>>> print(open('work.pdb').read())   # PDB, N, CA and C atoms
ATOM      1  N   MET J   1      25.974   0.194  -7.165
ATOM      2  CA  MET J   1      24.968  -0.622  -7.840
ATOM      3  C   MET J   1      23.650  -0.511  -7.064
ATOM      4  N   PRO J   2      22.584  -0.121  -7.731
ATOM      5  CA  PRO J   2      21.286   0.023  -7.045
ATOM      6  C   PRO J   2      20.762  -1.307  -6.514
ATOM      7  N   ASP J   3      20.119  -1.252  -5.378
ATOM      8  CA  ASP J   3      19.455  -2.420  -4.795
ATOM      9  C   ASP J   3      18.140  -2.602  -5.556
ATOM     10  N   ILE J   4      18.014  -3.704  -6.267
ATOM     11  CA  ILE J   4      16.844  -3.933  -7.126
ATOM     12  C   ILE J   4      15.548  -3.919  -6.313
ATOM     13  N   ASN J   5      15.586  -4.419  -5.092
ATOM     14  CA  ASN J   5      14.404  -4.431  -4.239
ATOM     15  C   ASN J   5      13.941  -3.005  -3.916
ATOM     16  N   ILE J   6      14.886  -2.139  -3.566
ATOM     17  CA  ILE J   6      14.541  -0.745  -3.257
ATOM     18  C   ILE J   6      14.048  -0.044  -4.522
ATOM     19  N   VAL J   7      14.704  -0.282  -5.635
ATOM     20  CA  VAL J   7      14.282   0.321  -6.908
ATOM     21  C   VAL J   7      12.844  -0.082  -7.210
ATOM     22  N   ALA J   8      12.522  -1.349  -7.043
ATOM     23  CA  ALA J   8      11.160  -1.831  -7.311
ATOM     24  C   ALA J   8      10.161  -1.207  -6.339
ATOM     25  N   GLN J   9      10.523  -1.115  -5.059
ATOM     26  CA  GLN J   9       9.625  -0.524  -4.068
ATOM     27  C   GLN J   9       9.333   0.939  -4.387
ATOM     28  N   VAL J  10      10.385   1.698  -4.691
ATOM     29  CA  VAL J  10      10.208   3.122  -5.008
ATOM     30  C   VAL J  10       9.400   3.271  -6.285
ATOM     31  N   SER J  11       9.726   2.486  -7.294
ATOM     32  CA  SER J  11       9.004   2.568  -8.568
ATOM     33  C   SER J  11       7.522   2.278  -8.383
ATOM     34  N   ASP J  12       7.220   1.196  -7.687
ATOM     35  CA  ASP J  12       5.816   0.833  -7.448
ATOM     36  C   ASP J  12       5.095   1.919  -6.662
ATOM     37  N   TRP J  13       5.759   2.452  -5.641
ATOM     38  CA  TRP J  13       5.157   3.484  -4.805
ATOM     39  C   TRP J  13       4.861   4.732  -5.648
ATOM     40  N   LEU J  14       5.830   5.133  -6.479
ATOM     41  CA  LEU J  14       5.632   6.328  -7.316
ATOM     42  C   LEU J  14       4.536   6.111  -8.355
ATOM     43  N   ILE J  15       4.486   4.939  -8.950
ATOM     44  CA  ILE J  15       3.423   4.640  -9.913
ATOM     45  C   ILE J  15       2.063   4.790  -9.240
ATOM     46  N   ASN J  16       1.919   4.178  -8.069
ATOM     47  CA  ASN J  16       0.650   4.274  -7.339
ATOM     48  C   ASN J  16       0.320   5.715  -6.968
ATOM     49  N   LYS J  17       1.324   6.470  -6.566
ATOM     50  CA  LYS J  17       1.108   7.864  -6.188
ATOM     51  C   LYS J  17       0.627   8.678  -7.385
ATOM     52  N   LEU J  18       1.257   8.503  -8.531
ATOM     53  CA  LEU J  18       0.845   9.228  -9.737
ATOM     54  C   LEU J  18      -0.567   8.836 -10.152
ATOM     55  N   CYS J  19      -0.894   7.567 -10.011
ATOM     56  CA  CYS J  19      -2.247   7.105 -10.352
ATOM     57  C   CYS J  19      -3.290   7.825  -9.507
ATOM     58  N   VAL J  20      -3.015   7.969  -8.234
ATOM     59  CA  VAL J  20      -3.954   8.632  -7.320
ATOM     60  C   VAL J  20      -4.042  10.129  -7.617
ATOM     61  N   ILE J  21      -2.892  10.782  -7.735
ATOM     62  CA  ILE J  21      -2.877  12.244  -7.928
ATOM     63  C   ILE J  21      -3.483  12.641  -9.268
ATOM     64  N   TYR J  22      -3.064  11.957 -10.326
ATOM     65  CA  TYR J  22      -3.455  12.383 -11.668
ATOM     66  C   TYR J  22      -4.545  11.520 -12.295
ATOM     67  N   LYS J  23      -5.074  10.567 -11.512
ATOM     68  CA  LYS J  23      -6.168   9.712 -11.973
ATOM     69  C   LYS J  23      -5.850   9.054 -13.315
ATOM     70  N   VAL J  24      -4.672   8.436 -13.332
ATOM     71  CA  VAL J  24      -4.177   7.750 -14.516
ATOM     72  C   VAL J  24      -4.062   6.262 -14.166
ATOM     73  N   PRO J  25      -4.526   5.367 -15.027
ATOM     74  CA  PRO J  25      -4.348   3.939 -14.747
ATOM     75  C   PRO J  25      -2.855   3.575 -14.762
ATOM     76  N   SER J  26      -2.479   2.634 -13.923
ATOM     77  CA  SER J  26      -1.056   2.274 -13.797
ATOM     78  C   SER J  26      -0.454   1.801 -15.119
ATOM     79  N   VAL J  27      -1.238   1.207 -15.983
ATOM     80  CA  VAL J  27      -0.712   0.739 -17.273
ATOM     81  C   VAL J  27      -0.299   1.912 -18.176
ATOM     82  N   LYS J  28      -0.763   3.099 -17.850
ATOM     83  CA  LYS J  28      -0.416   4.290 -18.642
ATOM     84  C   LYS J  28       0.867   4.964 -18.157
ATOM     85  N   ILE J  29       1.408   4.483 -17.031
ATOM     86  CA  ILE J  29       2.610   5.099 -16.466
ATOM     87  C   ILE J  29       3.846   4.408 -17.029
ATOM     88  N   ASP J  30       4.692   5.196 -17.676
ATOM     89  CA  ASP J  30       5.962   4.719 -18.226
ATOM     90  C   ASP J  30       7.065   5.171 -17.273
ATOM     91  N   ILE J  31       7.775   4.224 -16.677
ATOM     92  CA  ILE J  31       8.774   4.578 -15.662
ATOM     93  C   ILE J  31       9.984   5.319 -16.232
ATOM     94  N   ASN J  32      10.084   5.378 -17.550
ATOM     95  CA  ASN J  32      11.196   6.091 -18.183
ATOM     96  C   ASN J  32      10.759   7.406 -18.829
ATOM     97  N   LYS J  33       9.520   7.779 -18.611
ATOM     98  CA  LYS J  33       8.983   9.024 -19.167
ATOM     99  C   LYS J  33       9.198  10.146 -18.154
ATOM    100  N   ASN J  34       9.492  11.335 -18.638
ATOM    101  CA  ASN J  34       9.692  12.491 -17.763
ATOM    102  C   ASN J  34       8.409  12.741 -16.971
ATOM    103  N   LEU J  35       8.543  12.846 -15.657
ATOM    104  CA  LEU J  35       7.374  13.001 -14.788
ATOM    105  C   LEU J  35       6.601  14.283 -15.051
ATOM    106  N   SER J  36       7.256  15.286 -15.573
ATOM    107  CA  SER J  36       6.542  16.526 -15.893
ATOM    108  C   SER J  36       5.497  16.292 -16.984
ATOM    109  N   GLU J  37       5.675  15.266 -17.786
ATOM    110  CA  GLU J  37       4.699  14.945 -18.832
ATOM    111  C   GLU J  37       3.387  14.419 -18.249
ATOM    112  N   TYR J  38       3.417  13.969 -16.991
ATOM    113  CA  TYR J  38       2.195  13.543 -16.312
ATOM    114  C   TYR J  38       1.539  14.706 -15.579
ATOM    115  N   GLY J  39       2.226  15.853 -15.577
ATOM    116  CA  GLY J  39       1.685  17.021 -14.908
ATOM    117  C   GLY J  39       2.318  17.312 -13.563
ATOM    118  N   LEU J  40       3.400  16.609 -13.218
ATOM    119  CA  LEU J  40       4.045  16.846 -11.930
ATOM    120  C   LEU J  40       4.510  18.287 -11.839
ATOM    121  N   ASP J  41       4.011  18.981 -10.830
ATOM    122  CA  ASP J  41       4.410  20.370 -10.612
ATOM    123  C   ASP J  41       5.230  20.463  -9.337
ATOM    124  N   SER J  42       5.745  21.645  -9.049
ATOM    125  CA  SER J  42       6.639  21.809  -7.907
ATOM    126  C   SER J  42       5.954  21.501  -6.586
ATOM    127  N   LEU J  43       4.688  21.845  -6.450
ATOM    128  CA  LEU J  43       3.972  21.572  -5.205
ATOM    129  C   LEU J  43       3.864  20.076  -4.937
ATOM    130  N   ASN J  44       3.444  19.322  -5.929
ATOM    131  CA  ASN J  44       3.344  17.872  -5.770
ATOM    132  C   ASN J  44       4.725  17.238  -5.633
ATOM    133  N   ALA J  45       5.707  17.771  -6.344
ATOM    134  CA  ALA J  45       7.060  17.220  -6.257
ATOM    135  C   ALA J  45       7.607  17.351  -4.834
ATOM    136  N   ILE J  46       7.408  18.504  -4.210
ATOM    137  CA  ILE J  46       7.877  18.715  -2.832
ATOM    138  C   ILE J  46       7.121  17.796  -1.872
ATOM    139  N   ALA J  47       5.817  17.680  -2.051
ATOM    140  CA  ALA J  47       5.015  16.819  -1.179
ATOM    141  C   ALA J  47       5.436  15.353  -1.315
ATOM    142  N   ILE J  48       5.622  14.895  -2.535
ATOM    143  CA  ILE J  48       6.019  13.506  -2.763
ATOM    144  C   ILE J  48       7.424  13.258  -2.217
ATOM    145  N   THR J  49       8.310  14.212  -2.400
ATOM    146  CA  THR J  49       9.665  14.091  -1.851
ATOM    147  C   THR J  49       9.606  13.914  -0.337
ATOM    148  N   GLY J  50       8.768  14.709   0.328
ATOM    149  CA  GLY J  50       8.603  14.587   1.778
ATOM    150  C   GLY J  50       8.091  13.217   2.183
ATOM    151  N   GLU J  51       7.146  12.688   1.433
ATOM    152  CA  GLU J  51       6.612  11.353   1.727
ATOM    153  C   GLU J  51       7.681  10.276   1.529
ATOM    154  N   LEU J  52       8.488  10.423   0.478
ATOM    155  CA  LEU J  52       9.576   9.472   0.246
ATOM    156  C   LEU J  52      10.616   9.541   1.362
ATOM    157  N   GLU J  53      10.893  10.751   1.842
ATOM    158  CA  GLU J  53      11.840  10.907   2.950
ATOM    159  C   GLU J  53      11.358  10.148   4.184
ATOM    160  N   GLU J  54      10.084  10.281   4.489
ATOM    161  CA  GLU J  54       9.517   9.582   5.646
ATOM    162  C   GLU J  54       9.513   8.070   5.427
ATOM    163  N   LEU J  55       9.120   7.663   4.250
ATOM    164  CA  LEU J  55       9.016   6.235   3.941
ATOM    165  C   LEU J  55      10.367   5.536   4.041
ATOM    166  N   PHE J  56      11.409   6.157   3.508
ATOM    167  CA  PHE J  56      12.728   5.524   3.471
ATOM    168  C   PHE J  56      13.701   6.086   4.504
ATOM    169  N   GLU J  57      13.218   7.001   5.341
ATOM    170  CA  GLU J  57      14.031   7.617   6.394
ATOM    171  C   GLU J  57      15.336   8.178   5.828
ATOM    172  N   LEU J  58      15.176   8.990   4.786
ATOM    173  CA  LEU J  58      16.298   9.633   4.106
ATOM    174  C   LEU J  58      16.056  11.127   4.017
ATOM    175  N   GLU J  59      17.121  11.881   3.868
ATOM    176  CA  GLU J  59      16.991  13.291   3.537
ATOM    177  C   GLU J  59      17.249  13.415   2.040
ATOM    178  N   LEU J  60      16.243  13.889   1.323
ATOM    179  CA  LEU J  60      16.336  14.004  -0.134
ATOM    180  C   LEU J  60      16.322  15.467  -0.541
ATOM    181  N   PRO J  61      16.945  15.786  -1.664
ATOM    182  CA  PRO J  61      16.947  17.180  -2.121
ATOM    183  C   PRO J  61      15.551  17.610  -2.591
ATOM    184  N   ASN J  62      15.227  18.880  -2.360
ATOM    185  CA  ASN J  62      13.946  19.422  -2.837
ATOM    186  C   ASN J  62      13.860  19.388  -4.362
ATOM    187  N   THR J  63      14.991  19.292  -5.011
ATOM    188  CA  THR J  63      15.053  19.267  -6.480
ATOM    189  C   THR J  63      15.090  17.835  -7.028
ATOM    190  N   LEU J  64      14.703  16.867  -6.200
ATOM    191  CA  LEU J  64      14.784  15.459  -6.571
ATOM    192  C   LEU J  64      14.225  15.174  -7.961
ATOM    193  N   PHE J  65      13.006  15.649  -8.211
ATOM    194  CA  PHE J  65      12.339  15.321  -9.472
ATOM    195  C   PHE J  65      12.831  16.143 -10.659
ATOM    196  N   TRP J  66      13.603  17.160 -10.393
ATOM    197  CA  TRP J  66      14.202  17.923 -11.487
ATOM    198  C   TRP J  66      15.573  17.352 -11.807
ATOM    199  N   ASN J  67      16.282  16.879 -10.779
ATOM    200  CA  ASN J  67      17.581  16.243 -10.998
ATOM    201  C   ASN J  67      17.427  14.829 -11.559
ATOM    202  N   TYR J  68      16.356  14.158 -11.183
ATOM    203  CA  TYR J  68      16.082  12.771 -11.583
ATOM    204  C   TYR J  68      14.640  12.726 -12.105
ATOM    205  N   PRO J  69      14.437  13.090 -13.360
ATOM    206  CA  PRO J  69      13.079  13.369 -13.864
ATOM    207  C   PRO J  69      12.202  12.176 -14.230
ATOM    208  N   THR J  70      12.691  10.949 -14.053
ATOM    209  CA  THR J  70      11.858   9.786 -14.359
ATOM    210  C   THR J  70      11.730   8.914 -13.108
ATOM    211  N   ILE J  71      10.753   8.048 -13.102
ATOM    212  CA  ILE J  71      10.590   7.123 -11.976
ATOM    213  C   ILE J  71      11.842   6.260 -11.822
ATOM    214  N   THR J  72      12.377   5.775 -12.920
ATOM    215  CA  THR J  72      13.578   4.943 -12.869
ATOM    216  C   THR J  72      14.743   5.690 -12.228
ATOM    217  N   LYS J  73      14.965   6.918 -12.653
ATOM    218  CA  LYS J  73      16.094   7.687 -12.114
ATOM    219  C   LYS J  73      15.901   8.020 -10.641
ATOM    220  N   VAL J  74      14.683   8.365 -10.244
ATOM    221  CA  VAL J  74      14.400   8.645  -8.833
ATOM    222  C   VAL J  74      14.642   7.384  -8.009
ATOM    223  N   ALA J  75      14.124   6.260  -8.474
ATOM    224  CA  ALA J  75      14.261   5.001  -7.737
ATOM    225  C   ALA J  75      15.726   4.592  -7.603
ATOM    226  N   GLU J  76      16.490   4.738  -8.657
ATOM    227  CA  GLU J  76      17.915   4.393  -8.595
ATOM    228  C   GLU J  76      18.663   5.325  -7.654
ATOM    229  N   PHE J  77      18.329   6.617  -7.679
ATOM    230  CA  PHE J  77      18.975   7.564  -6.764
ATOM    231  C   PHE J  77      18.663   7.215  -5.312
ATOM    232  N   ILE J  78      17.391   6.979  -5.008
ATOM    233  CA  ILE J  78      17.016   6.648  -3.634
ATOM    234  C   ILE J  78      17.693   5.353  -3.200
ATOM    235  N   SER J  79      17.759   4.382  -4.076
ATOM    236  CA  SER J  79      18.429   3.130  -3.754
ATOM    237  C   SER J  79      19.890   3.364  -3.421
ATOM    238  N   SER J  80      20.551   4.205  -4.194
ATOM    239  CA  SER J  80      21.974   4.479  -3.942
ATOM    240  C   SER J  80      22.170   5.199  -2.608
ATOM    241  N   GLN J  81      21.230   6.056  -2.233
ATOM    242  CA  GLN J  81      21.312   6.764  -0.947
ATOM    243  C   GLN J  81      20.959   5.832   0.213
ATOM    244  N   TYR J  82      20.033   4.959  -0.010
ATOM    245  CA  TYR J  82      19.544   4.054   1.025
ATOM    246  C   TYR J  82      20.627   3.050   1.436
ATOM    247  N   ASN J  83      21.489   2.707   0.501
ATOM    248  CA  ASN J  83      22.512   1.709   0.768
ATOM    249  C   ASN J  83      23.781   2.292   1.364
ATOM    250  N   LEU J  84      23.814   3.576   1.642
ATOM    251  CA  LEU J  84      25.041   4.180   2.203
ATOM    252  C   LEU J  84      25.316   3.665   3.588
TER     253      LEU J  84
END
>>> encode(input="work.pdb", output="structure tokens")
Amino acid sequence: MPDINIVAQVSDWLINKLCVIYKVPSVKIDINKNLSEYGLDSLNAIAITGELEELFELELPNTLFWNYPTITKVAEFISSQYNL
């Protein structure tokens, strides 16, 4: 069961990150929309994955955003790993 606090933290962090990278207002970010629809490419995906690893002190797969293509799925995955 995902930790709701971690899910919220990851979701908020990713929303803010997308807003900065793609200059999109946060109200335009749908946490259940495929991140590739916002323009997420492999370079940004790897960079963001690295930042998430540092933030949560986890080792995450380089394919994180392809295996878990929405903010919700990424947040739930990180939460499940964080609680191990």
>>> resolve_selection(input="work.pdb", expression="the PyMOL selection byres ((chain J and resi 10) around 8)", output="count of residues only")
19
>>> select_by_dssp(input="work.pdb", residues="chain J", states="helix (DSSP H, G or I)", output="PyMOL selection string")
chain J and resi 4-22+26-28+35-38+42-56+64-67+71-82
>>> residues_around(input="work.pdb", residues="stretch 27-42 of chain J", least_positions_apart="5", cutoff="8 Å", atoms="all atoms listed in the file", output="PyMOL selection string")
chain J and resi 11+15+18-19+22+47-48+65+68-73
>>> closest_residue(input="work.pdb", among="J:Leu64, J:Leu58, J:Ile21, J:Leu43", to="J:Gln81", atoms="all atoms listed in the file")
J:Leu58
